[in-house]
Amino acid sequence: MFIPLFRDWKIRTKLASATLFVVLVPLLCVTFLTMQRFGKALKNASDENLEHLVRGVYSICKVNQAMAQGKEQMVHFLDEEIRGIKVGDTGYVYVIDSKGVLKIHPAREGENILDSRDSSGFEYIRAMIKDALALENGQVGTIRYPWMNPELGDKKPRQKINKYIYFRPWNWIIVAGTYEDEIYHSLYETERFIILMGLTALALVFLLTITLSKALTRPIQELTDVTTKMIEGDLSERVITRSADEIGILGVSFNRMIGQLQSYTSELERMVEARTEELKESREKYRDISRFLNNVLDSATVYAIMALDFYGNIIEFNRGAENLFGWKKDEVINNKNISITILPEDRRKGIQEEMSKRAITEGVCELEMYRVRKNGDHFPAYTTITPIKDASGNATGFVELVSDITLRKALEKELRETKEFLENIMESSVDGIVTTDLKGNMTYQNRGMEEMLGYTREEILGTHISRYYVRGIQQARDIMSLLRKSERTENYEMELKRKDGGIVSILTSLFLLRDEEDKVIATAGIFKDITKQKRLEARLKATQASLVEASKMRALGELVAGVAHELNNPLMASQTILHVILKNLPQDFPEREKLEIIRKCNDRIEKIVEHLREFSRQTSPEFKEIDVNQPIENALIITRQQLLNHNISIVRRLSEDLPKVIGDSNQLEQVFLNLISNARDAMDEITGPRELTILSYMSEYEGPPMVVVSVQDTGQGIPEENLNKVLEPFFSTKHVGKGTGLGLSLCFGIIEAHGGRLEIESQYGNGTEVRVLLPAKASGKE
């Protein structure tokens, strides 16, 4: 009877509709409820997944911080590991500090993203950091915000989720984030599929609806069960996929997600285990180092090694400290302050605080001071203090190393006294004592050397010794050559230059200095000033030469006197006969003029003979008022013809109104003869004009009036280096056999005896001028 009903289209439609309403609507409601539970479970699982990630990184940071590892080591350790972690398709883990600087990031490490905004303009990074800083230790925070990334093809903002936790010791915020739609992608796909199936089920029969309902609810239930176990921490369960439909795809995606979470968790566990093993190994190494250091401390029996806390309390006291100070280790550790080893007066001065401050600011404090033993004895000690610092670089204590320097002080005192004794001997020596390094730089000179050269010790030390040799660097090379051959040389004569330009003749003994390994380290010399001795020797030679010259002059004078006497007799006869002839001849006799010339020549011969007799007469010097022009004229009488024979023209400008001078005419004449003779010899060497100029005039110098006689020649001149030597006895630039080198020296002595002075000006190639300055007797005309 029901067949017709079913055959009726309307009835079948209503029945199908009722059946669909009665069966499918509850089924769809169950399905939607199941999807809701599944979505909630998936969201919870995703949240747990992100929390697991941030907590795992947080745990590793805590382990490293507990083992005093630094952030830099942590960054290097986690950088590669975190780069490999992905959450969903585009999610990742990163680390940021409270200032917004990315410490660890797959692509933007080191950037500051504090002012980053989401698609709505909300400063989500600043808000996340603020919330993270307010979290308690170990608490995980969550933030969601819209974000659109055009690089991923986004055309509108998508919801993004971040899980974060704050690690306070290092000021790190550990963040794991991804897009929500990437996590719920499978859920969304399944929902669309179920809706489509629900719409299709309206046209299916009740059986298909019931079968479809059963087929849909069983996998979802299994997903729910597995999700619940996953939330409880069991990641070993998997969803059994019986088909390749949407539920099967969801199951496969879910299984893949659980597998990734399990892989990440296993990797983090492996990292934690590896780090734990490293920490165990480090702990063993630290124990070995600690044992080694304790052995070192115990073996240091001469040096006191003590460890102090920040306030100076003793926390370590080695065997050397026991021997040095007298306290036992058990008496002082955690019981005494280091101040018990410091003098009371030093404690009052705050030396302990000063030592601590220097050690912290400078890194080390070294000083010598007196310390106190247990029995009250004081002893000199050398103290070295260095700070003990924690991982942050803050000083938490000090290590103090103390050594007894009593013996060293005694040796230093003995060495100092010996050094002072030797220095006193060297400083009291009238001879100069000098040492140089192997490069020739002066390292020591005594007071005698300062007085000898005129330089202070500060001026001379560090300079090269050749600077003070007349022969310069060549002299230094010659000396070193001698020392290399024989290591010492004695009675070596040389000349030094004084600061004022003077020359010092010295007699020196030189030798090499060696160290305890017999290596040459320096040179030394003892310099004896023999300048006065050399002058006395020169004066003696000059005196001897003067005596020889005097004897020659005496013999010459006798010879000249004899010749003059012999010439005078025929000259008188010639003059008498010539006078008779001229008297008897008439005034207009043609040859009378020639006879007058002969008479004048006889008069000149008579005058020369008479002057020679006077010049050769051996008399004692007679100082009286004379006209200085007279000895000049007498010298010209003798030398005029010689000068003319040498093609030398004479320019004679003698002032007639000069005041008288006090002097010996013969000695002054000898001076002018020598000066004229030197000028003649100087002009023999030139081919140009030869001219001798003799002037007499009053001096224009300030001071007492002086009469000046100037003898100038146009000869070659005197080289500059010889100007200071021309007045020395036996110094001559003439050819051998042409001069004795005594002429100017004798002139200088004669003029000095007359109270005057001799001045010489010469420029090589432009002639020479010699000026004789004699004190004037009166300033008016005679």
# chains A, B, ... in the order shown; residues from 1 in each chain; ligands from 1

call {"tool": "residues_around", "arguments": {"residues": "segment 700-706 of chain A", "least_positions_apart": "2", "cutoff": "8 Å", "atoms": "only C-alpha atoms", "output": "ChimeraX atom specification"}}
result
/A:698,708,773-776,779

call {"tool": "residues_around", "arguments": {"residues": "segment 116-128 of chain A", "least_positions_apart": "2", "cutoff": "12 Å", "atoms": "only C-alpha atoms", "output": "number ranges by chain"}}
result
A: 96-102, 111-114, 130-135, 140-150, 154-166, 173-175

call {"tool": "closest_residue", "arguments": {"among": "A:Thr276, A:Gln716, A:Gln670, A:Gln533", "to": "Ile751 of chain A", "atoms": "only C-alpha atoms"}}
result
A:Gln670

call {"tool": "atom_distance", "arguments": {"atom1": "atom CA of Lys624 of chain A", "atom2": "atom CA of Arg771 of chain A"}}
result
21.5 Å

call {"tool": "residues_around", "arguments": {"residues": "segment 427-435 of chain A", "least_positions_apart": "3", "cutoff": "12 Å", "atoms": "only C-alpha atoms", "output": "number ranges by chain"}}
result
A: 419-424, 438-454, 457, 460-465, 496, 504, 506-513, 521-530

call {"tool": "closest_residue", "arguments": {"among": "A:Glu109, A:Asp79, A:Glu593, A:Glu459", "to": "Val57 of chain A", "atoms": "only C-alpha atoms"}}
result
A:Asp79

call {"tool": "select_by_dssp", "arguments": {"residues": "segment 53-158 of chain A", "states": "alpha helix (DSSP H)", "output": "ChimeraX atom specification"}}
result
/A:53-66,71-83,124-134
